[in-house]
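Peer 1: So here's final31.txt (compact mmCIF, C-alpha atoms).
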# COMPACT_ATOMS: atom_id res chain seq x y z
CA MET A 291 8.27 26.44 -46.56
CA LYS A 292 6.72 23.53 -48.40
CA LYS A 293 9.16 21.19 -46.64
CA LEU A 294 8.05 22.65 -43.31
CA PHE A 295 4.48 21.56 -44.06
CA TYR A 296 5.47 17.99 -44.80
CA PHE A 297 7.94 17.82 -41.91
CA GLY A 298 5.13 18.97 -39.63
CA LEU A 299 2.80 16.25 -40.91
CA LEU A 300 5.52 13.60 -40.66
CA GLY A 301 6.46 14.72 -37.15
CA LEU A 302 2.83 14.69 -35.99
CA ALA A 303 2.27 11.19 -37.38
CA ALA A 304 5.47 9.88 -35.80
CA PHE A 305 4.58 11.47 -32.47
CA GLU A 306 1.05 10.00 -32.35
CA ILE A 307 2.45 6.56 -33.09
CA ALA A 308 5.28 6.86 -30.54
CA LYS A 309 2.93 8.15 -27.83
CA VAL A 310 0.94 4.91 -28.04
CA TYR A 311 3.79 2.55 -28.96
CA PHE A 312 5.71 3.00 -25.71
CA ILE A 313 2.69 2.36 -23.47
CA MET A 314 0.89 -0.42 -25.38
CA PRO A 315 1.84 -4.05 -26.13
CA MET A 316 3.49 -3.56 -29.51
CA PRO A 317 6.53 -5.43 -30.90
CA GLY A 318 9.50 -4.69 -28.65
CA SER A 319 7.85 -1.93 -26.66
CA GLN A 320 7.25 -3.88 -23.45
CA ARG A 321 10.84 -5.05 -23.12
CA MET A 322 12.22 -1.50 -23.04
CA ASP A 323 12.66 0.70 -19.99
CA SER A 324 10.56 3.35 -21.68
CA LEU A 325 8.07 4.29 -18.95
CA GLN A 326 9.44 7.78 -18.32
CA LEU A 327 9.63 8.51 -22.05
CA ALA A 328 6.02 7.37 -22.47
CA TYR A 329 4.95 9.58 -19.58
CA PHE A 330 6.88 12.53 -21.04
CA PHE A 331 5.15 12.13 -24.41
CA HIS A 332 1.78 11.83 -22.69
CA THR A 333 2.28 14.82 -20.41
CA TRP A 334 3.52 17.12 -23.19
CA ARG A 335 1.29 15.79 -25.95
CA TRP A 336 -0.43 19.12 -26.60
CA ALA A 337 2.89 20.95 -26.76
CA PHE A 338 4.16 18.48 -29.38
CA ARG A 339 0.92 18.80 -31.31
CA ALA A 340 1.10 22.59 -31.18
CA VAL A 341 4.66 22.66 -32.54
CA PHE A 342 3.89 20.29 -35.40
CA GLY A 343 0.62 22.11 -36.04
CA LEU A 344 2.42 25.45 -36.37
CA MET A 345 4.86 23.88 -38.82
CA ILE A 346 1.93 22.60 -40.89
CA VAL A 347 0.20 25.99 -40.87
CA ALA A 348 3.41 27.88 -41.69
CA GLY A 349 4.08 25.76 -44.76
CA ALA A 350 0.49 25.24 -45.88
CA ALA A 351 0.27 28.14 -48.34
CA GLU A 352 3.33 26.98 -50.26
CA ALA A 353 2.33 23.31 -50.07
CA PHE A 354 -1.10 24.01 -51.56
CA ARG A 355 0.41 25.99 -54.44
CA VAL A 356 0.10 23.04 -56.81
CA PRO A 357 -2.22 22.23 -59.72
CA ARG A 358 -5.75 21.44 -58.56
CA THR A 359 -5.44 17.91 -59.90
CA SER A 360 -2.46 17.31 -57.58
CA LEU A 361 -4.18 18.40 -54.34
CA LEU A 362 -5.48 14.96 -53.39
CA ALA A 363 -2.22 13.24 -54.31
CA ARG A 364 -0.09 15.69 -52.37
CA PRO A 365 -1.07 18.03 -49.51
CA VAL A 366 -4.68 16.91 -49.04
CA GLY A 367 -3.73 13.25 -49.36
CA ALA A 368 -0.91 13.67 -46.85
CA MET A 369 -3.26 15.39 -44.40
CA LEU A 370 -5.84 12.62 -44.75
CA VAL A 371 -3.22 9.96 -44.05
CA VAL A 372 -1.94 11.78 -40.96
CA GLY A 373 -5.52 12.43 -39.80
CA ALA A 374 -6.29 8.73 -40.09
CA ILE A 375 -3.17 7.88 -38.09
CA ALA A 376 -4.09 10.39 -35.37
CA TRP A 377 -7.64 9.03 -35.17
CA LEU A 378 -6.46 5.40 -35.07
CA PHE A 379 -3.86 5.95 -32.35
CA ASN A 380 -6.08 8.18 -30.21
CA PHE A 381 -9.51 6.59 -30.51
CA LYS A 382 -9.00 2.96 -31.47
CA MET A 383 -5.66 1.84 -30.02
CA THR A 384 -5.66 3.59 -26.65
CA ALA A 385 -6.30 1.41 -23.61
CA ASP A 386 -9.32 3.26 -22.25
CA HIS A 387 -11.08 2.97 -25.62
CA MET A 388 -10.28 -0.72 -25.98
CA PHE A 389 -11.20 -1.71 -22.40
CA ARG A 390 -14.01 -0.01 -20.50
CA GLU A 391 -15.13 -0.10 -16.89
CA PRO A 392 -18.61 -1.49 -16.13
CA ALA A 393 -21.13 1.32 -16.39
CA ASN A 394 -23.74 -0.06 -13.96
CA PRO A 395 -22.37 -2.93 -11.86
CA VAL A 396 -25.02 -5.41 -10.75
CA TYR A 397 -24.48 -7.89 -7.91
CA ARG A 398 -26.60 -10.96 -7.15
CA GLY A 399 -26.75 -13.67 -4.55
CA ARG A 400 -26.47 -17.38 -5.19
CA GLU A 401 -30.12 -17.91 -6.12
CA GLN A 402 -30.26 -15.13 -8.75
CA ASN A 403 -26.69 -15.47 -10.04
CA THR A 404 -26.13 -16.16 -13.76
CA VAL A 405 -22.32 -16.59 -13.71
CA ASP A 406 -20.88 -20.08 -14.30
CA ALA A 407 -20.12 -21.84 -11.02
CA GLU A 408 -16.66 -22.84 -12.30
CA ALA A 409 -15.70 -19.24 -13.11
CA MET A 410 -12.63 -17.89 -11.31
CA VAL A 411 -13.38 -14.96 -9.02
CA ILE A 412 -11.53 -12.42 -6.92
CA GLY A 413 -13.22 -12.55 -3.53
CA VAL A 414 -13.28 -9.67 -1.05
CA GLU A 415 -14.63 -9.82 2.49
CA SER A 416 -14.93 -6.81 4.79
CA ASN A 417 -16.91 -6.16 7.97
CA GLY A 418 -19.20 -9.13 7.44
CA GLU A 419 -19.95 -8.42 3.76
CA ALA A 420 -18.57 -10.62 0.98
CA ARG A 421 -18.46 -9.96 -2.76
CA ALA A 422 -16.93 -11.84 -5.68
CA TYR A 423 -15.68 -10.41 -8.99
CA PRO A 424 -15.39 -12.86 -11.91
CA VAL A 425 -11.94 -12.74 -13.51
CA ARG A 426 -13.55 -13.12 -16.96
CA PHE A 427 -15.18 -9.72 -16.50
CA ILE A 428 -12.31 -7.92 -14.79
CA LEU A 429 -9.72 -8.93 -17.38
CA TYR A 430 -11.75 -6.89 -19.90
CA HIS A 431 -12.70 -4.04 -17.55
CA HIS A 432 -9.26 -4.14 -15.85
CA GLN A 433 -10.80 -2.51 -12.78
CA VAL A 434 -14.07 -2.51 -10.87
CA ARG A 435 -14.81 0.10 -8.20
CA ASP A 436 -17.02 -0.89 -5.30
CA THR A 437 -17.61 -0.60 -1.56
CA VAL A 438 -17.61 -3.77 0.53
CA GLY A 439 -18.65 -3.54 4.17
CA GLY A 440 -18.02 0.21 4.08
CA GLN A 441 -14.52 -0.27 2.63
CA PRO A 442 -13.89 1.32 -0.79
CA VAL A 443 -12.20 -1.20 -3.08
CA MET A 444 -10.56 -1.14 -6.49
CA VAL A 445 -10.52 -4.70 -7.85
CA THR A 446 -8.04 -5.11 -10.71
CA TYR A 447 -6.74 -7.82 -13.00
CA CYS A 448 -4.06 -7.82 -15.72
CA ASN A 449 -4.37 -10.88 -17.94
CA VAL A 450 -0.96 -10.38 -19.61
CA CYS A 451 0.72 -10.79 -16.20
CA ARG A 452 -2.08 -12.90 -14.73
CA THR A 453 -2.13 -10.61 -11.70
CA GLY A 454 -5.19 -10.03 -9.56
CA ARG A 455 -4.95 -7.21 -7.03
CA VAL A 456 -7.31 -5.31 -4.72
CA TYR A 457 -6.51 -1.79 -3.49
CA ASP A 458 -7.99 0.93 -1.34
CA PRO A 459 -8.50 3.72 -3.92
CA VAL A 460 -8.09 6.51 -1.37
CA VAL A 461 -5.14 8.83 -2.06
CA ASN A 462 -4.12 11.53 0.43
CA GLY A 463 -7.36 11.05 2.32
CA GLN A 464 -9.61 11.44 -0.74
CA PRO A 465 -11.29 8.82 -2.97
CA GLU A 466 -9.45 8.77 -6.30
CA HIS A 467 -10.62 7.68 -9.73
CA PHE A 468 -8.39 5.96 -12.24
CA ARG A 469 -8.42 5.23 -15.95
CA LEU A 470 -6.45 2.61 -17.85
CA VAL A 471 -3.70 4.20 -19.96
CA GLY A 472 -1.78 1.15 -21.19
CA MET A 473 0.95 -1.11 -19.86
CA ASP A 474 4.63 -1.20 -19.01
CA HIS A 475 6.67 -4.42 -18.94
CA PHE A 476 3.41 -6.20 -19.77
CA ASN A 477 1.62 -4.85 -16.70
CA ALA A 478 -1.42 -2.58 -16.75
CA MET A 479 -0.92 1.10 -15.99
CA PHE A 480 -3.56 3.41 -14.49
CA GLU A 481 -3.70 7.21 -14.41
CA ASP A 482 -5.39 9.06 -11.57
CA VAL A 483 -7.85 11.78 -12.56
CA THR A 484 -6.67 14.37 -10.03
CA THR A 485 -2.94 14.65 -10.76
CA GLY A 486 -2.38 12.56 -13.88
CA THR A 487 0.06 10.32 -12.00
CA TRP A 488 0.61 6.81 -13.38
CA TRP A 489 0.14 3.80 -11.09
CA ARG A 490 1.31 0.23 -11.67
CA GLN A 491 -1.37 -2.46 -11.37
CA VAL A 492 0.86 -5.19 -9.98
CA SER A 493 2.11 -3.15 -7.02
CA GLY A 494 -0.26 -0.19 -6.57
CA GLU A 495 2.76 2.11 -6.67
CA ALA A 496 2.81 5.52 -8.35
CA VAL A 497 5.71 5.26 -10.80
CA ALA A 498 5.51 8.49 -12.84
CA GLY A 499 4.10 11.93 -12.13
CA LYS A 500 3.43 14.22 -9.19
CA LEU A 501 2.71 11.44 -6.69
CA LYS A 502 5.59 9.18 -7.74
CA GLY A 503 6.56 6.91 -4.85
CA THR A 504 3.09 6.92 -3.27
CA GLN A 505 1.61 3.50 -2.54
CA LEU A 506 -2.03 2.42 -2.64
CA ALA A 507 -3.01 0.34 0.37
CA VAL A 508 -3.20 -3.35 -0.56
CA LEU A 509 -6.36 -5.12 0.60
CA PRO A 510 -6.65 -8.87 1.26
CA PHE A 511 -8.51 -11.05 -1.24
CA THR A 512 -8.84 -14.65 -2.35
CA GLN A 513 -8.79 -16.17 -5.82
CA LEU A 514 -11.01 -19.21 -6.19
CA THR A 515 -13.93 -20.66 -8.13
CA LEU A 516 -17.36 -19.13 -7.70
CA LYS A 517 -18.69 -22.50 -6.52
CA ARG A 518 -16.21 -22.56 -3.66
CA TRP A 519 -16.78 -18.87 -2.95
CA PHE A 520 -20.49 -19.46 -2.36
CA ALA A 521 -19.70 -22.53 -0.25
CA LEU A 522 -17.55 -20.35 2.01
CA HIS A 523 -19.83 -17.29 1.79
CA PRO A 524 -23.41 -18.48 1.21
CA ALA A 525 -24.79 -14.97 1.75
CA GLY A 526 -22.23 -13.37 -0.58
CA GLN A 527 -22.91 -11.60 -3.86
CA VAL A 528 -21.19 -11.81 -7.24
CA LEU A 529 -20.74 -9.25 -10.01
CA GLN A 530 -22.86 -9.97 -13.10
CA ALA A 531 -22.20 -9.20 -16.76
CA ASP A 532 -23.12 -5.55 -17.31
CA GLY A 533 -24.37 -5.55 -20.89
CA THR A 534 -20.90 -5.26 -22.43
CA ASP A 535 -20.73 -6.91 -25.85
CA PRO A 536 -20.36 -10.65 -25.04
CA GLU A 537 -17.56 -10.97 -27.62
CA HIS A 538 -15.24 -9.28 -25.11
CA PHE A 539 -15.69 -12.25 -22.77
CA GLU A 540 -15.35 -15.00 -25.38
CA GLY A 541 -12.53 -17.43 -24.62
CA THR A 542 -12.08 -16.14 -21.08
CA SER A 543 -12.98 -19.48 -19.51
CA GLY A 544 -10.07 -20.95 -21.46
CA PHE A 545 -7.79 -18.25 -20.11
CA GLU A 546 -8.86 -19.13 -16.56
CA ARG A 547 -7.85 -22.76 -17.13
CA GLY A 548 -4.58 -21.77 -18.80
CA ASP A 549 -5.82 -22.56 -22.30
CA GLY A 550 -5.56 -19.03 -23.70
CA LYS A 551 -4.65 -18.76 -27.37
CA SER A 552 -3.19 -15.25 -27.49
CA GLU A 553 0.60 -14.97 -27.56
CA LEU A 554 0.36 -12.49 -24.68
CA THR A 555 -1.81 -14.65 -22.43
CA ARG A 556 -1.16 -18.29 -23.32
CA THR A 557 0.33 -20.53 -20.62
CA ASN A 558 3.48 -22.64 -20.83
CA PRO A 559 2.74 -25.88 -18.91
CA LYS A 560 6.42 -26.38 -18.05
CA SER A 561 8.10 -25.00 -14.94
CA TRP A 562 10.05 -21.75 -14.62
CA GLU A 563 9.46 -20.59 -18.19
CA GLU A 564 8.32 -17.03 -18.96
CA LYS A 565 4.68 -18.07 -19.29
CA SER A 566 4.74 -20.73 -16.56
CA TRP A 567 2.56 -20.18 -13.50
CA VAL A 568 3.99 -19.50 -10.08
CA LEU A 569 2.45 -18.76 -6.73
CA GLY A 570 4.23 -15.67 -5.46
CA VAL A 571 4.33 -14.75 -1.76
CA GLU A 572 5.37 -11.50 -0.13
CA VAL A 573 6.23 -11.12 3.55
CA GLY A 574 7.63 -7.70 4.34
CA ALA A 575 10.59 -7.08 2.04
CA THR A 576 11.01 -10.78 1.22
CA SER A 577 9.39 -12.45 -1.76
CA LYS A 578 9.36 -16.06 -2.86
CA ALA A 579 7.91 -17.88 -5.86
CA TYR A 580 6.67 -21.47 -5.88
CA ASP A 581 6.31 -23.60 -9.00
CA TRP A 582 2.61 -24.16 -9.71
CA ASN A 583 3.33 -27.66 -10.99
CA ARG A 584 4.91 -28.53 -7.66
CA LEU A 585 1.86 -27.20 -5.83
CA LYS A 586 -0.45 -29.28 -8.04
CA LYS A 587 1.58 -32.37 -7.23
CA GLU A 588 2.07 -31.85 -3.49
CA ARG A 589 -1.15 -29.90 -2.75
CA PHE A 590 0.28 -28.20 0.33
CA ILE A 591 3.65 -26.70 1.20
CA ASN A 592 4.89 -25.78 4.70
CA ASP A 593 7.65 -23.20 4.49
CA GLU A 594 9.07 -20.01 5.99
CA VAL A 595 9.37 -16.67 4.20
CA GLY A 596 10.84 -13.55 5.75
CA GLY A 597 10.85 -15.23 9.16
CA MET A 598 7.16 -16.11 8.94
CA PRO A 599 6.07 -19.76 8.97
CA LEU A 600 3.36 -20.28 6.38
CA VAL A 601 1.36 -22.89 4.53
CA LEU A 602 0.30 -22.85 0.90
CA ALA A 603 -2.53 -25.09 -0.29
CA LEU A 604 -4.27 -25.88 -3.56
CA ALA A 605 -7.80 -27.30 -3.63
CA GLY A 606 -8.86 -30.31 -5.65
CA ASP A 607 -10.22 -28.08 -8.40
CA ASP A 608 -6.59 -27.10 -9.21
CA ARG A 609 -7.61 -23.44 -9.19
CA THR A 610 -8.45 -22.37 -5.64
CA PHE A 611 -5.34 -21.53 -3.62
CA VAL A 612 -4.67 -20.07 -0.17
CA ALA A 613 -1.69 -18.91 1.85
CA PHE A 614 -1.85 -18.63 5.64
CA GLU A 615 0.53 -17.97 8.49
CA ARG A 616 1.11 -21.13 10.55
CA PRO A 617 0.22 -20.41 14.21
CA ASP A 618 2.98 -21.42 16.59
CA ALA A 619 4.87 -22.73 13.54
CA GLY A 620 2.67 -25.84 13.57
CA ARG A 621 2.78 -27.93 10.42
CA PHE A 622 -0.29 -28.44 8.25
CA THR A 623 -1.56 -31.26 6.11
CA LEU A 624 -4.47 -31.31 3.69
CA GLU A 625 -7.38 -33.71 3.96
CA GLY A 626 -9.65 -33.25 0.98
CA ASP A 627 -9.94 -29.48 0.92
CA THR A 628 -9.54 -29.02 4.65
CA LEU A 629 -6.33 -27.82 6.29
CA VAL A 630 -5.41 -29.79 9.41
CA SER A 631 -2.90 -28.93 12.15
CA ALA A 632 -2.61 -30.11 15.76
CA GLY A 633 -6.08 -31.66 15.63
CA LEU A 634 -7.69 -28.45 14.37
CA ARG A 635 -9.38 -28.23 10.98
CA TYR A 636 -9.72 -25.11 8.82
CA ASP A 637 -11.59 -24.36 5.61
CA PHE A 638 -10.13 -22.33 2.75
CA SER A 639 -11.32 -19.06 4.29
CA GLY A 640 -9.12 -19.77 7.33
CA ARG A 641 -12.06 -20.44 9.65
CA LYS A 642 -12.09 -23.40 11.98
CA VAL A 643 -14.49 -26.06 10.74
CA VAL A 644 -15.78 -26.49 14.29
CA ALA A 645 -15.19 -23.29 16.19
CA ALA A 646 -16.33 -21.71 19.39
CA SER A 647 -17.69 -18.18 19.29
CA GLY A 648 -14.89 -15.66 18.97
CA ASP A 649 -12.29 -18.12 17.74
CA SER A 650 -9.74 -16.36 15.55
CA ARG A 651 -9.10 -17.25 11.91
CA LEU A 652 -5.83 -18.07 10.24
CA ARG A 653 -4.01 -14.96 9.13
CA THR A 654 -3.94 -14.55 5.35
CA VAL A 655 -0.53 -14.11 3.70
CA ARG A 656 -0.28 -11.97 0.56
CA ALA A 657 -0.03 -14.39 -2.36
CA SER A 658 -0.71 -14.27 -6.08
CA GLN A 659 -0.87 -16.70 -8.99
CA GLU A 660 1.15 -15.09 -11.81
CA PHE A 661 3.19 -15.74 -14.89
CA TRP A 662 6.83 -16.29 -13.92
CA HIS A 663 7.98 -13.41 -16.16
CA SER A 664 5.72 -11.02 -14.25
CA TRP A 665 6.76 -12.10 -10.78
CA LEU A 666 10.46 -12.02 -11.68
CA THR A 667 10.22 -8.59 -13.36
CA PHE A 668 8.63 -6.93 -10.34
CA HIS A 669 10.43 -9.04 -7.70
CA PRO A 670 13.96 -9.31 -9.14
CA ALA A 671 15.40 -10.44 -5.79
CA THR A 672 12.80 -13.16 -5.33
CA LEU A 673 13.67 -16.51 -3.79
CA ARG A 674 12.55 -19.68 -5.54
CA GLY A 675 10.72 -22.49 -3.80
CA GLU A 676 12.08 -25.40 -5.79
Before we go any further, please render this structure as structure tokens.
Peer 2:
Amino acid sequence: MKKLFYFGLLGLAAFEIAKVYFIMPMPGSQRMDSLQLAYFFHTWRWAFRAVFGLMIVAGAAEAFRVPRTSLLARPVGAMLVVGAIAWLFNFKMTADHMFREPANPVYRGREQNTVDAEAMVIGVESNGEARAYPVRFILYHHQVRDTVGGQPVMVTYCNVCRTGRVYDPVVNGQPEHFRLVGMDHFNAMFEDVTTGTWWRQVSGEAVAGKLKGTQLAVLPFTQLTLKRWFALHPAGQVLQADGTDPEHFEGTSGFERGDGKSELTRTNPKSWEEKSWVLGVEVGATSKAYDWNRLKKERFINDEVGGMPLVLALAGDDRTFVAFERPDAGRFTLEGDTLVSAGLRYDFSGRKVVAASGDSRLRTVRASQEFWHSWLTFHPATLRGE
């Protein structure tokens, strides 16, 4: 019976470690296809704990039948070690304890804004309202919930993949709430509150649980500097720091420029390496990745993806990018930071620089700046724009 006590403690410790290991960025864990195992451990965590707890209780009487001087070195010491492991892996190393959503989001216009003008932002525009979400804040929070022009939005960013995404957080007709549970293949994973289903940040797809196969609606957004955002949307608002300990945002400006120091987030300046940047484009079922170094050199690329003629462009700040469908397959050039085609000029929001009332804008194409390893993992059949 004494062995049962120690086997119970050992099993509980191993379980608490494994439950976190398979869903957090630990050595080797993110290169395994372990998502379903991680979800199984998470779903049945209380059953595992109950079994190991019963083993501990069943063997406790025999285990504690030792000289009083041996209690701390043996059963009590073992329990303290396992308790410390359980506390560490449940309250210090879980994603939702390490990264927290903003408690009271505050938005300000250009005159009252305190965010650096060169900060990268995720910009959302809906029904005449425009809001910007600094990447340096979202990469800590991982998600920000908001409503823009009456449209509920879930703005997300995963710095290990370098993926910004915006989703409609309505599931089966009802607003859903999500919490960060960890990551799989280096991409953030969210859990919905209602069903406990896990959702992948990079795609908005439910990948484990009751709603597996369900897809969050993807909403259009732009990724650009705050300075350019305000130039395009002078009446827009930007998310401010919410009182979170500033240390969580230290070094984030370096990350935005590609100067991150962490092994998980640092950039490889070469082309087509795991940590190289690409601009990934999706048109229907077709995806294509373009070398960021090529885009920096050429500034604009006219191409066709999935039968759609499109243009990619990078502004002079080397950070603001756009992707638009080319009307009538006309070819574009770039003059300064203005797109030009057939005598017409467009800014980086797709609006005509000189436009009559009611003139339509260029249609945005879904595009994302990412690490090459991320794009290739989640788009294994991708084409490459050499």
Peer 1: Using all atoms listed in the file, list the residues that have an atom at most 10 Å from (4.7, 13.8, -36.9), coordinates as in the file, as a CSV table (one decimal) with C-alpha atoms, keeping the file's coordinate frame.
Peer 2:
chain,number,residue,atom,x,y,z
A,296,TYR,CA,5.5,18.0,-44.8
A,297,PHE,CA,7.9,17.8,-41.9
A,298,GLY,CA,5.1,19.0,-39.6
A,299,LEU,CA,2.8,16.2,-40.9
A,300,LEU,CA,5.5,13.6,-40.7
A,301,GLY,CA,6.5,14.7,-37.2
A,302,LEU,CA,2.8,14.7,-36.0
A,303,ALA,CA,2.3,11.2,-37.4
A,304,ALA,CA,5.5,9.9,-35.8
A,305,PHE,CA,4.6,11.5,-32.5
A,306,GLU,CA,1.0,10.0,-32.4
A,307,ILE,CA,2.4,6.6,-33.1
A,308,ALA,CA,5.3,6.9,-30.5
A,338,PHE,CA,4.2,18.5,-29.4
A,339,ARG,CA,0.9,18.8,-31.3
A,341,VAL,CA,4.7,22.7,-32.5
A,342,PHE,CA,3.9,20.3,-35.4
A,343,GLY,CA,0.6,22.1,-36.0
A,372,VAL,CA,-1.9,11.8,-41.0
A,375,ILE,CA,-3.2,7.9,-38.1
A,376,ALA,CA,-4.1,10.4,-35.4
Peer 1: Kindly assemble as a tab-separated table a list of the range 428-500 of chain A residues that lie within 8 Å of range 389-402 of chain A, each paired with its nearest atom pair and their distance in Å to one decimal, using only C-alpha atoms, sorted first by chain and then by ascending residue number.
Peer 2:
residue	atom	partner	partner_atom	distance
A:Tyr430	CA	A:Phe389	CA	5.8
A:His431	CA	A:Glu391	CA	4.7
A:His432	CA	A:Glu391	CA	7.2
A:Gln433	CA	A:Glu391	CA	6.4
A:Val434	CA	A:Glu391	CA	6.6
A:Leu470	CA	A:Phe389	CA	7.9
Peer 1: Near Gly640 in chain A, within 7 Å and counting all atoms listed in the file, which residues show up once chain neighbours fewer than 4 positions away are dropped, as a list in words?
Peer 2: Tyr636, Arg651 and Leu652 of chain A
Peer 1: Need the shell around Val528 in chain A: protein/DNA/RNA residues with any atom at most 9 Å away, counting only C-alpha atoms. Skip same-chain ones fewer than 2 positions apart. Format as a compact mmCIF listing (two decimals) with C-alpha atoms, keeping the file's coordinate frame?
Peer 2:
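Below you can see out.txt, which holds the result:
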# COMPACT_ATOMS: atom_id res chain seq x y z
CA VAL A 396 -25.02 -5.41 -10.75
CA TYR A 397 -24.48 -7.89 -7.91
CA ARG A 398 -26.60 -10.96 -7.15
CA GLY A 399 -26.75 -13.67 -4.55
CA ARG A 400 -26.47 -17.38 -5.19
CA ASN A 403 -26.69 -15.47 -10.04
CA VAL A 405 -22.32 -16.59 -13.71
CA VAL A 411 -13.38 -14.96 -9.02
CA GLY A 413 -13.22 -12.55 -3.53
CA ALA A 420 -18.57 -10.62 0.98
CA ARG A 421 -18.46 -9.96 -2.76
CA ALA A 422 -16.93 -11.84 -5.68
CA TYR A 423 -15.68 -10.41 -8.99
CA PRO A 424 -15.39 -12.86 -11.91
CA LEU A 516 -17.36 -19.13 -7.70
CA GLY A 526 -22.23 -13.37 -0.58
CA GLN A 530 -22.86 -9.97 -13.10
Peer 1: Would you compute the box with edges along x, y and z of the file around range 549-556 of chain A, including every atom the file lists for it and 5 Å extra on each side, and give its centre and edge lengths in Å to one decimal, as AutoDock Vina command-line options?
Peer 2:
--center_x -2.6 --center_y -17.5 --center_z -24.9 --size_x 16.4 --size_y 20.1 --size_z 15.3
Peer 1: Hey, can you check how far CA of Asn417 in chain A sits from CA of Gly439 in chain A?
Peer 2: 4.9 Å
Peer 1: Write out, as JSON lines, each residue of range 405-467 of chain A that has an atom at most 9 Å from range 494-504 of chain A, together with the closest pair of atoms and their distance in Å to one decimal, counting only C-alpha atoms, rows going by chain and rising number.
Peer 2:
{"residue": "A:Arg455", "atom": "CA", "partner": "A:Gly494", "partner_atom": "CA", "distance": 8.5}
{"residue": "A:Val456", "atom": "CA", "partner": "A:Gly494", "partner_atom": "CA", "distance": 8.9}
{"residue": "A:Tyr457", "atom": "CA", "partner": "A:Gly494", "partner_atom": "CA", "distance": 7.1}
{"residue": "A:Val461", "atom": "CA", "partner": "A:Thr504", "partner_atom": "CA", "distance": 8.5}
Peer 1: From the set A:Ile313, A:Phe511, A:Leu294, A:Lys560, which residue has the shortest atom-to-atom contact distance to Glu352 in chain A, counting only C-alpha atoms?
Peer 2: A:Leu294
